[in-house]
$ cat model03.cif   # mmCIF, C-alpha atoms and all ligand atoms
data_query
#
loop_
_atom_site.label_atom_id
_atom_site.label_comp_id
_atom_site.auth_asym_id
_atom_site.auth_seq_id
_atom_site.Cartn_x
_atom_site.Cartn_y
_atom_site.Cartn_z
CA MET A 1 107.30 -104.27 143.95
CA ALA A 2 104.84 -102.98 141.38
CA GLU A 3 103.70 -105.46 138.77
CA LEU A 4 101.71 -103.28 136.41
CA ALA A 5 103.76 -101.22 133.96
CA LEU A 6 101.49 -98.24 134.66
CA LYS A 7 102.68 -98.42 138.28
CA GLY A 8 106.36 -98.80 137.39
CA GLY A 9 106.53 -102.57 136.81
CA ALA A 10 108.10 -104.25 133.77
CA PRO A 11 105.85 -104.19 130.70
CA VAL A 12 104.62 -107.42 129.14
CA ARG A 13 106.10 -106.37 125.82
CA GLU A 14 108.89 -104.05 124.74
CA THR A 15 108.85 -104.84 121.01
CA PRO A 16 106.54 -102.63 118.94
CA TYR A 17 103.73 -104.28 116.96
CA PRO A 18 103.98 -104.29 113.15
CA ALA A 19 103.62 -100.83 111.66
CA TRP A 20 100.90 -99.91 109.18
CA PRO A 21 100.86 -99.46 106.20
CA CYS A 22 102.85 -102.47 104.96
CA TRP A 23 104.47 -102.20 101.54
CA ASP A 24 107.35 -103.51 99.53
CA ASP A 25 108.87 -103.08 96.09
CA GLU A 26 105.51 -103.78 94.43
CA GLU A 27 104.06 -100.44 95.59
CA ILE A 28 107.27 -98.60 94.72
CA LYS A 29 107.50 -100.16 91.25
CA ALA A 30 103.80 -99.51 90.61
CA ALA A 31 104.02 -95.85 91.63
CA GLU A 32 107.26 -95.36 89.70
CA ALA A 33 105.78 -96.86 86.54
CA VAL A 34 102.86 -94.40 86.68
CA ILE A 35 105.17 -91.46 87.31
CA ARG A 36 107.43 -92.47 84.42
CA SER A 37 104.47 -93.00 82.11
CA GLY A 38 103.40 -89.38 82.48
CA LYS A 39 99.80 -90.66 82.65
CA TRP A 40 98.84 -89.49 86.11
CA GLY A 41 95.11 -88.91 85.63
CA MET A 42 92.44 -91.53 84.95
CA ALA A 43 91.54 -89.88 81.65
CA GLN A 44 95.03 -90.75 80.36
CA GLY A 45 95.93 -94.03 82.06
CA ASP A 46 94.41 -97.45 82.67
CA LYS A 47 95.18 -98.14 86.36
CA VAL A 48 91.90 -96.78 87.72
CA LEU A 49 89.99 -98.91 85.24
CA GLU A 50 92.05 -101.98 86.15
CA LEU A 51 91.44 -101.35 89.85
CA GLU A 52 87.70 -100.89 89.32
CA LYS A 53 87.52 -104.25 87.53
CA LYS A 54 89.73 -106.15 89.98
CA PHE A 55 88.16 -104.71 93.13
CA ALA A 56 84.60 -105.30 91.87
CA ALA A 57 85.57 -108.90 91.01
CA TYR A 58 87.09 -109.33 94.49
CA GLN A 59 83.86 -108.09 96.08
CA GLU A 60 81.81 -110.26 93.67
CA ALA A 61 80.09 -107.25 92.12
CA ALA A 62 79.48 -106.47 88.46
CA GLN A 63 80.98 -102.97 88.50
CA GLY A 64 83.34 -100.80 90.50
CA ILE A 65 83.44 -97.01 90.43
CA ALA A 66 86.56 -95.48 91.97
CA ALA A 67 86.41 -92.28 94.01
CA THR A 68 88.74 -90.11 96.05
CA SER A 69 87.59 -91.46 99.43
CA GLY A 70 85.01 -93.54 101.23
CA THR A 71 83.18 -90.31 102.07
CA THR A 72 82.91 -89.14 98.46
CA ALA A 73 81.95 -92.67 97.39
CA LEU A 74 79.09 -92.64 99.93
CA ARG A 75 77.94 -89.23 98.79
CA ALA A 76 78.09 -90.26 95.13
CA ALA A 77 76.13 -93.43 95.95
CA LEU A 78 73.38 -91.51 97.70
CA LEU A 79 73.13 -89.10 94.77
CA ALA A 80 73.24 -91.85 92.14
CA ALA A 81 70.47 -93.70 93.99
CA GLU A 82 68.20 -90.77 93.03
CA LEU A 83 66.57 -90.54 96.44
CA GLU A 84 64.06 -87.77 96.88
CA ALA A 85 65.63 -84.59 98.29
CA ASP A 86 64.79 -84.07 101.97
CA SER A 87 63.92 -87.75 102.42
CA GLU A 88 65.28 -89.67 105.40
CA VAL A 89 68.15 -92.16 105.41
CA ILE A 90 68.51 -94.40 108.45
CA VAL A 91 72.12 -94.86 109.59
CA PRO A 92 73.62 -96.33 112.77
CA SER A 93 74.80 -94.00 115.50
CA TYR A 94 77.98 -95.99 116.20
CA THR A 95 80.16 -95.36 113.16
CA PHE A 96 82.58 -92.89 111.62
CA VAL A 97 80.96 -89.48 111.21
CA ALA A 98 81.02 -89.69 107.39
CA SER A 99 78.19 -92.25 107.44
CA GLY A 100 76.00 -89.39 108.68
CA THR A 101 77.56 -86.35 107.03
CA ALA A 102 77.59 -87.93 103.55
CA VAL A 103 73.80 -88.12 103.90
CA LEU A 104 73.61 -84.38 104.67
CA GLU A 105 75.89 -83.62 101.75
CA ALA A 106 73.55 -85.50 99.43
CA ASN A 107 70.65 -83.21 100.43
CA LEU A 108 69.11 -85.92 102.58
CA ILE A 109 68.24 -86.23 106.25
CA PRO A 110 70.13 -88.68 108.45
CA VAL A 111 68.05 -90.47 111.06
CA PHE A 112 70.03 -92.41 113.67
CA ALA A 113 69.32 -95.99 114.68
CA ASP A 114 70.78 -97.77 117.67
CA ILE A 115 73.12 -100.75 117.38
CA GLU A 116 72.81 -104.35 118.54
CA PRO A 117 74.48 -104.93 121.91
CA GLU A 118 76.43 -108.00 120.81
CA THR A 119 77.64 -106.96 117.36
CA TYR A 120 77.60 -103.12 117.50
CA ASN A 121 75.99 -103.22 114.05
CA ILE A 122 72.78 -101.39 113.14
CA ASP A 123 69.81 -102.88 115.00
CA PRO A 124 67.04 -103.85 112.52
CA ASP A 125 64.39 -103.37 115.25
CA SER A 126 65.60 -99.83 115.80
CA VAL A 127 65.59 -99.26 112.02
CA GLU A 128 62.01 -100.48 111.78
CA SER A 129 60.89 -98.20 114.59
CA LEU A 130 62.33 -95.17 112.75
CA ILE A 131 60.74 -95.74 109.33
CA THR A 132 58.33 -92.94 108.36
CA ASP A 133 56.60 -92.06 105.11
CA LYS A 134 59.67 -89.89 104.35
CA THR A 135 62.22 -92.69 104.69
CA SER A 136 63.92 -93.45 101.39
CA ALA A 137 66.95 -95.55 102.35
CA ILE A 138 68.77 -97.58 104.96
CA MET A 139 72.55 -97.40 105.21
CA PRO A 140 73.94 -100.26 107.28
CA VAL A 141 77.62 -100.04 108.22
CA HIS A 142 79.59 -103.30 108.35
CA LEU A 143 81.40 -102.13 111.44
CA ALA A 144 84.96 -103.33 111.91
CA GLY A 145 84.28 -105.63 108.97
CA LEU A 146 81.53 -107.58 110.72
CA PRO A 147 78.62 -107.80 108.27
CA ALA A 148 75.37 -106.22 109.41
CA ASP A 149 72.22 -108.38 109.54
CA MET A 150 71.50 -108.00 105.81
CA ASP A 151 68.62 -110.51 105.59
CA ARG A 152 66.58 -108.48 108.03
CA ILE A 153 67.63 -105.16 106.54
CA MET A 154 66.87 -106.26 102.97
CA ALA A 155 63.52 -107.70 104.08
CA LEU A 156 62.58 -104.39 105.71
CA ALA A 157 63.72 -102.50 102.63
CA ARG A 158 61.65 -104.72 100.32
CA LYS A 159 58.59 -104.44 102.54
CA ARG A 160 58.78 -100.63 102.73
CA GLY A 161 60.18 -99.92 99.24
CA LEU A 162 63.51 -98.56 100.51
CA THR A 163 66.96 -98.42 98.92
CA VAL A 164 69.89 -100.01 100.73
CA ILE A 165 73.36 -98.47 100.42
CA GLU A 166 76.07 -100.36 102.33
CA ASP A 167 78.79 -98.47 104.13
CA ALA A 168 81.43 -101.15 103.62
CA CYS A 169 84.33 -98.76 104.27
CA GLN A 170 85.80 -101.23 106.79
CA ALA A 171 84.72 -104.45 105.09
CA TRP A 172 87.00 -105.49 102.21
CA GLY A 173 86.48 -109.23 101.80
CA SER A 174 83.74 -109.52 104.45
CA GLU A 175 81.02 -112.03 103.64
CA TYR A 176 77.38 -112.32 104.60
CA ARG A 177 76.23 -115.96 104.34
CA GLY A 178 79.04 -116.70 101.90
CA ARG A 179 78.42 -113.61 99.76
CA LYS A 180 80.80 -110.67 99.73
CA VAL A 181 79.30 -107.46 101.07
CA GLY A 182 78.92 -104.24 99.07
CA ALA A 183 76.50 -105.19 96.33
CA ILE A 184 73.91 -106.98 98.45
CA GLY A 185 71.97 -103.73 98.51
CA LEU A 186 71.95 -101.33 95.55
CA ALA A 187 75.60 -100.39 96.12
CA GLY A 188 78.34 -100.30 98.71
CA ALA A 189 81.18 -97.89 99.48
CA PHE A 190 84.74 -98.85 100.46
CA SER A 191 87.60 -96.73 101.79
CA PHE A 192 91.33 -96.88 101.05
CA GLN A 193 92.25 -94.17 103.58
CA SER A 194 95.52 -94.61 105.43
CA SER A 195 94.22 -96.64 108.40
CA LYS A 196 92.46 -99.10 106.10
CA HIS A 197 93.56 -102.63 105.14
CA ILE A 198 94.08 -101.68 101.52
CA THR A 199 95.43 -98.16 101.24
CA ALA A 200 97.14 -95.53 99.17
CA GLY A 201 96.79 -92.88 101.87
CA GLU A 202 93.36 -91.98 100.49
CA GLY A 203 90.93 -93.46 97.99
CA GLY A 204 87.46 -94.98 97.72
CA MET A 205 85.33 -97.34 95.64
CA LEU A 206 81.69 -98.08 94.97
CA VAL A 207 80.54 -101.52 93.89
CA THR A 208 77.16 -102.39 92.41
CA ASN A 209 75.30 -104.88 90.23
CA ASP A 210 73.00 -102.19 88.85
CA SER A 211 74.18 -100.84 85.50
CA GLY A 212 71.96 -97.73 85.60
CA PHE A 213 73.26 -96.83 89.05
CA ALA A 214 76.84 -97.41 87.86
CA LEU A 215 76.37 -95.07 84.90
CA ARG A 216 75.03 -92.30 87.14
CA ALA A 217 77.70 -92.84 89.81
CA ARG A 218 80.45 -92.73 87.17
CA SER A 219 79.06 -89.44 85.92
CA ILE A 220 78.77 -87.97 89.44
CA VAL A 221 82.40 -88.74 90.35
CA ASN A 222 83.50 -87.23 87.04
CA CYS A 223 81.99 -83.72 87.10
CA GLY A 224 78.65 -84.88 85.67
CA ARG A 225 80.19 -86.05 82.39
CA ARG A 226 78.42 -88.61 80.21
CA GLU A 227 80.09 -91.82 79.07
CA GLY A 228 81.06 -91.17 75.47
CA GLY A 229 80.30 -87.45 75.85
CA ALA A 230 82.74 -84.60 75.23
CA TRP A 231 85.15 -83.52 78.00
CA HIS A 232 83.40 -80.17 78.35
CA GLU A 233 79.87 -81.55 78.30
CA HIS A 234 78.16 -81.91 81.70
CA ASP A 235 74.81 -83.63 82.07
CA ARG A 236 74.20 -83.54 85.79
CA LEU A 237 75.51 -82.17 89.07
CA GLY A 238 78.70 -84.02 89.89
CA GLY A 239 82.11 -83.29 91.33
CA ASN A 240 85.71 -84.16 90.71
CA TYR A 241 85.89 -87.27 92.88
CA ARG A 242 88.21 -89.09 90.48
CA LEU A 243 90.91 -91.31 91.90
CA SER A 244 94.38 -90.64 90.47
CA GLU A 245 96.38 -93.23 88.55
CA LEU A 246 99.09 -93.10 91.21
CA HIS A 247 96.62 -93.99 93.93
CA ALA A 248 95.09 -96.74 91.82
CA ALA A 249 98.52 -98.28 91.10
CA VAL A 250 99.41 -98.39 94.81
CA ILE A 251 95.99 -99.78 95.75
CA LEU A 252 96.37 -102.50 93.08
CA ALA A 253 99.67 -103.53 94.66
CA GLN A 254 98.00 -103.64 98.07
CA LEU A 255 95.06 -105.63 96.70
CA GLY A 256 97.50 -108.19 95.31
CA ARG A 257 98.62 -109.25 98.79
CA TYR A 258 95.31 -108.64 100.55
CA GLN A 259 93.90 -112.15 100.77
CA GLY A 260 97.00 -113.48 102.56
CA MET A 261 96.97 -110.64 105.08
CA LEU A 262 93.23 -111.05 105.58
CA GLU A 263 93.64 -114.71 106.46
CA ARG A 264 96.40 -113.80 108.89
CA ARG A 265 94.16 -111.26 110.63
CA GLN A 266 91.26 -113.71 110.70
CA GLN A 267 93.42 -116.35 112.41
CA ALA A 268 94.70 -113.76 114.89
CA ALA A 269 91.14 -112.61 115.63
CA ALA A 270 90.00 -116.23 116.18
CA PHE A 271 92.87 -116.76 118.64
CA LEU A 272 92.10 -113.53 120.53
CA ARG A 273 88.37 -114.28 120.53
CA GLU A 274 88.97 -117.62 122.20
CA LYS A 275 91.57 -116.46 124.74
CA LEU A 276 90.09 -113.10 125.68
CA SER A 277 86.55 -114.53 126.09
CA ALA A 278 87.96 -116.59 128.94
CA ILE A 279 88.85 -113.45 130.92
CA GLU A 280 86.06 -112.28 133.19
CA GLY A 281 84.72 -108.89 132.17
CA LEU A 282 85.78 -109.09 128.50
CA ARG A 283 83.48 -110.07 125.68
CA PRO A 284 84.69 -109.83 122.09
CA LEU A 285 81.95 -108.74 119.67
CA LYS A 286 79.87 -111.70 118.60
CA LEU A 287 80.47 -113.26 115.20
CA PRO A 288 76.91 -114.25 114.22
CA GLU A 289 76.45 -117.37 112.09
CA TYR A 290 75.60 -115.22 109.05
CA ALA A 291 79.02 -113.49 109.26
CA THR A 292 80.89 -116.10 107.23
CA ALA A 293 83.91 -113.81 106.88
CA SER A 294 84.96 -110.58 108.57
CA SER A 295 87.70 -108.30 107.33
CA CYS A 296 88.75 -108.04 111.01
CA HIS A 297 89.45 -104.36 110.56
CA LEU A 298 89.37 -103.83 114.31
CA PHE A 299 89.14 -106.30 117.13
CA ILE A 300 86.48 -104.83 119.40
CA LEU A 301 85.88 -106.00 122.95
CA ARG A 302 83.00 -105.17 125.23
CA TYR A 303 84.56 -104.24 128.52
CA ASP A 304 82.53 -104.63 131.69
CA SER A 305 84.01 -102.08 134.04
CA ASP A 306 81.87 -103.32 136.98
CA SER A 307 83.58 -106.66 136.83
CA PHE A 308 86.92 -104.81 137.15
CA GLY A 309 85.71 -103.05 140.32
CA GLY A 310 84.58 -99.98 138.36
CA LEU A 311 87.97 -99.46 136.65
CA LYS A 312 87.32 -96.92 133.89
CA ARG A 313 87.94 -97.95 130.30
CA GLU A 314 90.37 -95.06 129.89
CA THR A 315 92.52 -96.40 132.75
CA LEU A 316 92.35 -99.92 131.33
CA ILE A 317 93.57 -98.55 127.98
CA LYS A 318 96.39 -96.63 129.64
CA ALA A 319 97.40 -99.78 131.47
CA LEU A 320 97.28 -101.80 128.23
CA ASN A 321 99.37 -99.22 126.39
CA ALA A 322 101.88 -99.19 129.24
CA GLU A 323 102.17 -102.98 128.94
CA GLY A 324 103.21 -102.43 125.31
CA ILE A 325 99.83 -103.20 123.72
CA GLN A 326 99.61 -100.41 121.17
CA PRO A 327 97.65 -99.25 119.28
CA ALA A 328 94.64 -99.91 121.52
CA HIS A 329 92.06 -97.29 122.38
CA GLY A 330 88.41 -96.66 123.14
CA GLY A 331 87.39 -95.85 119.55
CA TYR A 332 84.41 -93.62 118.84
CA PHE A 333 83.63 -91.76 122.05
CA ILE A 334 80.69 -89.67 120.80
CA PRO A 335 77.71 -91.32 119.07
CA VAL A 336 77.32 -89.66 115.67
CA HIS A 337 73.93 -88.12 116.47
CA ARG A 338 75.55 -86.38 119.44
CA GLN A 339 78.33 -84.78 117.41
CA ARG A 340 77.97 -80.98 117.36
CA VAL A 341 77.52 -81.02 113.60
CA PHE A 342 74.12 -82.63 114.24
CA LEU A 343 73.16 -81.38 117.71
CA GLU A 344 73.83 -77.77 116.78
CA LYS A 345 73.10 -78.26 113.06
CA ARG A 346 76.46 -76.83 112.02
CA VAL A 347 75.88 -77.66 108.39
CA GLY A 348 76.54 -74.52 106.37
CA SER A 349 74.19 -74.33 103.44
CA PHE A 350 73.25 -78.03 103.68
CA ASP A 351 70.55 -76.80 106.03
CA LEU A 352 67.51 -78.95 105.23
CA ILE A 353 67.75 -80.24 108.80
CA ALA A 354 66.98 -76.72 110.05
CA SER A 355 63.36 -77.17 109.00
CA HIS A 356 62.86 -80.90 108.28
CA ARG A 357 60.01 -82.34 110.30
CA PHE A 358 60.52 -85.81 111.75
CA ARG A 359 57.40 -87.28 113.30
CA GLY A 360 55.61 -83.94 113.31
CA LYS A 361 58.38 -81.85 114.88
CA VAL A 362 61.47 -80.09 113.53
CA ILE A 363 64.16 -82.75 113.73
CA ASP A 364 66.19 -82.53 116.93
CA TYR A 365 69.17 -84.88 117.13
CA ALA A 366 69.22 -84.64 120.92
CA GLN A 367 65.94 -86.57 120.87
CA PHE A 368 67.38 -89.72 119.25
CA GLU A 369 67.76 -92.48 121.76
CA CYS A 370 70.57 -94.90 121.10
CA PRO A 371 71.45 -96.34 124.51
CA VAL A 372 73.63 -99.15 123.18
CA ALA A 373 75.70 -96.74 121.06
CA GLU A 374 75.96 -94.41 124.08
CA ARG A 375 77.23 -97.31 126.19
CA ALA A 376 79.77 -98.41 123.59
CA CYS A 377 81.08 -94.84 123.27
CA GLY A 378 80.83 -94.07 126.97
CA GLY A 379 83.07 -96.81 128.31
CA GLU A 380 82.27 -100.27 127.00
CA ALA A 381 84.15 -100.56 123.70
CA VAL A 382 87.84 -101.36 123.59
CA TRP A 383 89.47 -101.35 120.17
CA LEU A 384 92.58 -103.31 119.30
CA LEU A 385 93.73 -101.83 116.03
CA GLN A 386 94.48 -103.80 112.91
CA ASN A 387 98.29 -103.73 113.35
CA LEU A 388 97.94 -105.93 116.41
CA LEU A 389 96.25 -108.57 114.28
CA LEU A 390 99.35 -108.78 112.10
CA ALA A 391 101.51 -109.84 115.05
CA ASP A 392 103.14 -113.26 115.32
CA ARG A 393 101.93 -115.80 117.89
CA GLU A 394 104.07 -114.30 120.63
CA GLY A 395 102.65 -110.84 119.95
CA LEU A 396 99.12 -112.21 120.21
CA GLU A 397 99.94 -114.08 123.42
CA ASP A 398 101.33 -110.82 124.84
CA ILE A 399 97.92 -109.20 124.31
CA VAL A 400 96.30 -111.99 126.31
CA ARG A 401 99.04 -111.81 128.98
CA ALA A 402 98.57 -108.05 129.32
CA PHE A 403 94.81 -108.37 129.83
CA GLU A 404 95.34 -111.21 132.35
CA LYS A 405 97.91 -109.16 134.23
CA ILE A 406 95.65 -106.10 134.41
CA ARG A 407 92.74 -108.31 135.48
CA ALA A 408 94.87 -109.84 138.26
CA HIS A 409 96.13 -106.46 139.54
CA HIS A 410 93.24 -104.16 138.63
CA THR A 411 92.56 -103.17 142.24
CA GLU A 412 95.93 -101.36 142.27
CA LEU A 413 94.52 -99.03 139.60
CA LEU A 414 91.33 -98.15 141.41
CA GLU A 415 91.35 -94.64 142.82
C1 LIG A 501 82.53 -96.73 108.55
C2 LIG A 501 83.21 -95.67 107.73
N1 LIG A 501 82.48 -94.96 106.87
C3 LIG A 501 83.05 -94.02 106.09
C4 LIG A 501 84.39 -93.75 106.15
C5 LIG A 501 84.96 -92.68 105.29
O1 LIG A 501 86.01 -93.11 104.50
P1 LIG A 501 87.18 -92.07 104.08
O2 LIG A 501 87.98 -91.76 105.29
O3 LIG A 501 87.94 -92.79 103.02
O4 LIG A 501 86.48 -90.86 103.54
C6 LIG A 501 85.20 -94.49 107.03
C7 LIG A 501 86.66 -94.26 107.11
O5 LIG A 501 87.20 -93.64 107.96
C8 LIG A 501 84.59 -95.46 107.86
O6 LIG A 501 85.32 -96.17 108.73
#
$ encode --input "model03.cif" --output "structure tokens" --more "lines below"
Ligand SMILES: Cc1ncc(COP(=O)(O)O)c(C=O)c1O
Amino acid sequence: MAELALKGGAPVRETPYPAWPCWDDEEIKAAEAVIRSGKWGMAQGDKVLELEKKFAAYQEAAQGIAATSGTTALRAALLAAELEADSEVIVPSYTFVASGTAVLEANLIPVFADIEPETYNIDPDSVESLITDKTSAIMPVHLAGLPADMDRIMALARKRGLTVIEDACQAWGSEYRGRKVGAIGLAGAFSFQSSKHITAGEGGMLVTNDSGFALRARSIVNCGRREGGAWHEHDRLGGNYRLSELHAAVILAQLGRYQGMLERRQQAAAFLREKLSAIEGLRPLKLPEYATASSCHLFILRYDSDSFGGLKRETLIKALNAEGIQPAHGGYFIPVHRQRVFLEKRVGSFDLIASHRFRGKVIDYAQFECPVAERACGGEAVWLLQNLLLADREGLEDIVRAFEKIRAHHTELLE
């Protein structure tokens, strides 16, 4: 009789994992209060301001600037950093596409660095090898909430006079050597999009300790207005990237219960790290000693298909899903520099990359070599999504049982 659920056997688990988002009366009361107040925009109400203060304090930064999304926050940060147009910003190739496209949309040139094999975060050696006299900034991504190697990145930035903008869109509460991420560099961007740990469906936030940057960023997200200026007075190029009061109220309610949920995810991740490391062919991403706290946005494993007789990651994922381990998937499957937007320069009028010269030649994204990112996308990375980390002990043990079962019977899945 078949054992594996994919082959008709009984699944390890029939009960679904906790759904995301989680909410209760707090979100409903908060949204209702805004609706009843009639103050739905930030110009009328005080929820956006309250969120900016509370979120900045949570991330140990002096100021927060709310935006409509992580993407618009990144774009606003790059503009507020006043980087020279057509200068190069080094970003990792293993990330959500916005880390690269926000650079294009700020009239800058993304240059793609590889990632470290054990953490999947931007590799400082790769960054160093890509610095040219046109580089203006480095944008590390704290992937899955695991802080990037900020000491090395900041040291490089200081040595070469570069700005650091952190893509902290997955890193609420993450700490680098005991310090919250986001304002270690000039500024950091966070996302409150629907898959994120703190969400109102959409939303974003910048944090910074630099008051000049904050002033410019506030103006950019608010149509170029000046603090204290008239409503119809516009000092600079900006956009309407303002968060609504409704979003801010819901995010505030989510923030209120965040720390408890974070600790729960961290305990779950520690359990999975210990148990899954013991299974041959699975290596959870390393938690370096400098990563004193991770948001545990995703639990990412490095899967060694050779040790499973060549079983493809996609089949492993199907088998996991069939055992009731959902949501689990392979995550990013195209490194950002290989997305068509970059390879074919499908960028509309943001076309500086049509003529920008990188190392003496017109930039060609097919030329970037990021073998570790290619490997992660191509078949190594396995993502267990955040909902799984909210499971009770039995739910976590089921994840381990499912991997053990597939390991024991993997030959039945080989074609
Ligand atoms: C690493 C990273 N950067 C940027 C973003 C963009 O955030 P948003 O979806 O809020 O625009 C995301 C979210 O998907 C992300 O995960």
$ residues_near_ligand --input "model03.cif" --ligand "ligand LIG 501 (chain A)" --cutoff "9 Å" --atoms "all atoms listed in the file" --output "PyMOL selection string"
chain A and resi 68-74+94-100+102+141-144+167-171+189-196+201-204
$ residues_around --input "model03.cif" --residues "stretch 405-412 of chain A" --least-positions-apart "6" --cutoff "12 Å" --atoms "all atoms listed in the file" --output "PyMOL selection string"
chain A and resi 1-12+276+278-282+303-313+315-323+325+398-399
$ write_last_selection --input "model03.cif" --atoms "C-alpha atoms" --output "PDB file, in the frame of the given file"
ATOM      1  CA  MET A   1     107.300-104.270 143.950  1.00  0.00           C
ATOM      2  CA  ALA A   2     104.840-102.980 141.380  1.00  0.00           C
ATOM      3  CA  GLU A   3     103.700-105.460 138.770  1.00  0.00           C
ATOM      4  CA  LEU A   4     101.710-103.280 136.410  1.00  0.00           C
ATOM      5  CA  ALA A   5     103.760-101.220 133.960  1.00  0.00           C
ATOM      6  CA  LEU A   6     101.490 -98.240 134.660  1.00  0.00           C
ATOM      7  CA  LYS A   7     102.680 -98.420 138.280  1.00  0.00           C
ATOM      8  CA  GLY A   8     106.360 -98.800 137.390  1.00  0.00           C
ATOM      9  CA  GLY A   9     106.530-102.570 136.810  1.00  0.00           C
ATOM     10  CA  ALA A  10     108.100-104.250 133.770  1.00  0.00           C
ATOM     11  CA  PRO A  11     105.850-104.190 130.700  1.00  0.00           C
ATOM     12  CA  VAL A  12     104.620-107.420 129.140  1.00  0.00           C
ATOM     13  CA  LEU A 276      90.090-113.100 125.680  1.00  0.00           C
ATOM     14  CA  ALA A 278      87.960-116.590 128.940  1.00  0.00           C
ATOM     15  CA  ILE A 279      88.850-113.450 130.920  1.00  0.00           C
ATOM     16  CA  GLU A 280      86.060-112.280 133.190  1.00  0.00           C
ATOM     17  CA  GLY A 281      84.720-108.890 132.170  1.00  0.00           C
ATOM     18  CA  LEU A 282      85.780-109.090 128.500  1.00  0.00           C
ATOM     19  CA  TYR A 303      84.560-104.240 128.520  1.00  0.00           C
ATOM     20  CA  ASP A 304      82.530-104.630 131.690  1.00  0.00           C
ATOM     21  CA  SER A 305      84.010-102.080 134.040  1.00  0.00           C
ATOM     22  CA  ASP A 306      81.870-103.320 136.980  1.00  0.00           C
ATOM     23  CA  SER A 307      83.580-106.660 136.830  1.00  0.00           C
ATOM     24  CA  PHE A 308      86.920-104.810 137.150  1.00  0.00           C
ATOM     25  CA  GLY A 309      85.710-103.050 140.320  1.00  0.00           C
ATOM     26  CA  GLY A 310      84.580 -99.980 138.360  1.00  0.00           C
ATOM     27  CA  LEU A 311      87.970 -99.460 136.650  1.00  0.00           C
ATOM     28  CA  LYS A 312      87.320 -96.920 133.890  1.00  0.00           C
ATOM     29  CA  ARG A 313      87.940 -97.950 130.300  1.00  0.00           C
ATOM     30  CA  THR A 315      92.520 -96.400 132.750  1.00  0.00           C
ATOM     31  CA  LEU A 316      92.350 -99.920 131.330  1.00  0.00           C
ATOM     32  CA  ILE A 317      93.570 -98.550 127.980  1.00  0.00           C
ATOM     33  CA  LYS A 318      96.390 -96.630 129.640  1.00  0.00           C
ATOM     34  CA  ALA A 319      97.400 -99.780 131.470  1.00  0.00           C
ATOM     35  CA  LEU A 320      97.280-101.800 128.230  1.00  0.00           C
ATOM     36  CA  ASN A 321      99.370 -99.220 126.390  1.00  0.00           C
ATOM     37  CA  ALA A 322     101.880 -99.190 129.240  1.00  0.00           C
ATOM     38  CA  GLU A 323     102.170-102.980 128.940  1.00  0.00           C
ATOM     39  CA  ILE A 325      99.830-103.200 123.720  1.00  0.00           C
ATOM     40  CA  ASP A 398     101.330-110.820 124.840  1.00  0.00           C
ATOM     41  CA  ILE A 399      97.920-109.200 124.310  1.00  0.00           C
TER      42      ILE A 399
END
$ closest_residue --input "model03.cif" --among "A:Cys22, A:Ile90, A:Leu206, A:Ala293" --to "A:His337" --atoms "all atoms listed in the file"
A:Ile90
$ closest_residue --input "model03.cif" --among "A:Glu32, A:Asp149, A:Val111, A:Leu186" --to "A:Asp364" --atoms "only C-alpha atoms"
A:Val111
$ atom_distance --input "model03.cif" --atom1 "atom CA of A:Asp114" --atom2 "atom CA of A:Val89"
13.7 Å
$ atom_distance --input "model03.cif" --atom1 "atom CA of A:Ile353" --atom2 "atom CA of A:Pro110"
8.8 Å
$ closest_residue --input "model03.cif" --among "A:Ala43, A:Ala402, A:Val221, A:Leu246" --to "A:Lys275" --atoms "all atoms listed in the file"
A:Ala402
$ closest_residue --input "model03.cif" --among "A:Glu369, A:Ala376, A:Ala77, A:Ala248" --to "A:Lys53" --atoms "all atoms listed in the file"
A:Ala248
$ closest_residue --input "model03.cif" --among "A:Gly256, A:Asp133, A:Ala183, A:Ala157" --to "A:Glu26" --atoms "all atoms listed in the file"
A:Gly256
$ closest_residue --input "model03.cif" --among "A:Ala270, A:Val341, A:Leu298, A:Ile115" --to "A:Leu385" --atoms "only C-alpha atoms"
A:Leu298
$ residues_around --input "model03.cif" --residues "A:Ile122" --least-positions-apart "5" --cutoff "7 Å" --atoms "all atoms listed in the file" --output "PyMOL selection string"
chain A and resi 92+113-116+140+148
$ atom_distance --input "model03.cif" --atom1 "atom CA of A:Phe358" --atom2 "atom CA of A:Ala155"
23.4 Å
$ residues_around --input "model03.cif" --residues "A:Gly41" --least-positions-apart "4" --cutoff "7 Å" --atoms "only C-alpha atoms" --output "ChimeraX atom specification"
/A:45,244-245
$ residues_near_point --input "model03.cif" --point "(98.6, -100.7, 94.3)" --cutoff "10 Å" --atoms "only C-alpha atoms" --output "short mmCIF file (atom, residue, chain, number, x, y, z; two decimals) with C-alpha atoms, keeping the file's coordinate frame"
data_model
loop_
_atom_site.label_atom_id
_atom_site.label_comp_id
_atom_site.auth_asym_id
_atom_site.auth_seq_id
_atom_site.Cartn_x
_atom_site.Cartn_y
_atom_site.Cartn_z
CA TRP A 23 104.47 -102.20 101.54
CA GLU A 26 105.51 -103.78 94.43
CA GLU A 27 104.06 -100.44 95.59
CA ILE A 28 107.27 -98.60 94.72
CA LYS A 29 107.50 -100.16 91.25
CA ALA A 30 103.80 -99.51 90.61
CA ALA A 31 104.02 -95.85 91.63
CA LYS A 47 95.18 -98.14 86.36
CA LEU A 51 91.44 -101.35 89.85
CA ILE A 198 94.08 -101.68 101.52
CA THR A 199 95.43 -98.16 101.24
CA ALA A 200 97.14 -95.53 99.17
CA GLU A 245 96.38 -93.23 88.55
CA LEU A 246 99.09 -93.10 91.21
CA HIS A 247 96.62 -93.99 93.93
CA ALA A 248 95.09 -96.74 91.82
CA ALA A 249 98.52 -98.28 91.10
CA VAL A 250 99.41 -98.39 94.81
CA ILE A 251 95.99 -99.78 95.75
CA LEU A 252 96.37 -102.50 93.08
CA ALA A 253 99.67 -103.53 94.66
CA GLN A 254 98.00 -103.64 98.07
CA LEU A 255 95.06 -105.63 96.70
CA GLY A 256 97.50 -108.19 95.31
CA ARG A 257 98.62 -109.25 98.79
#
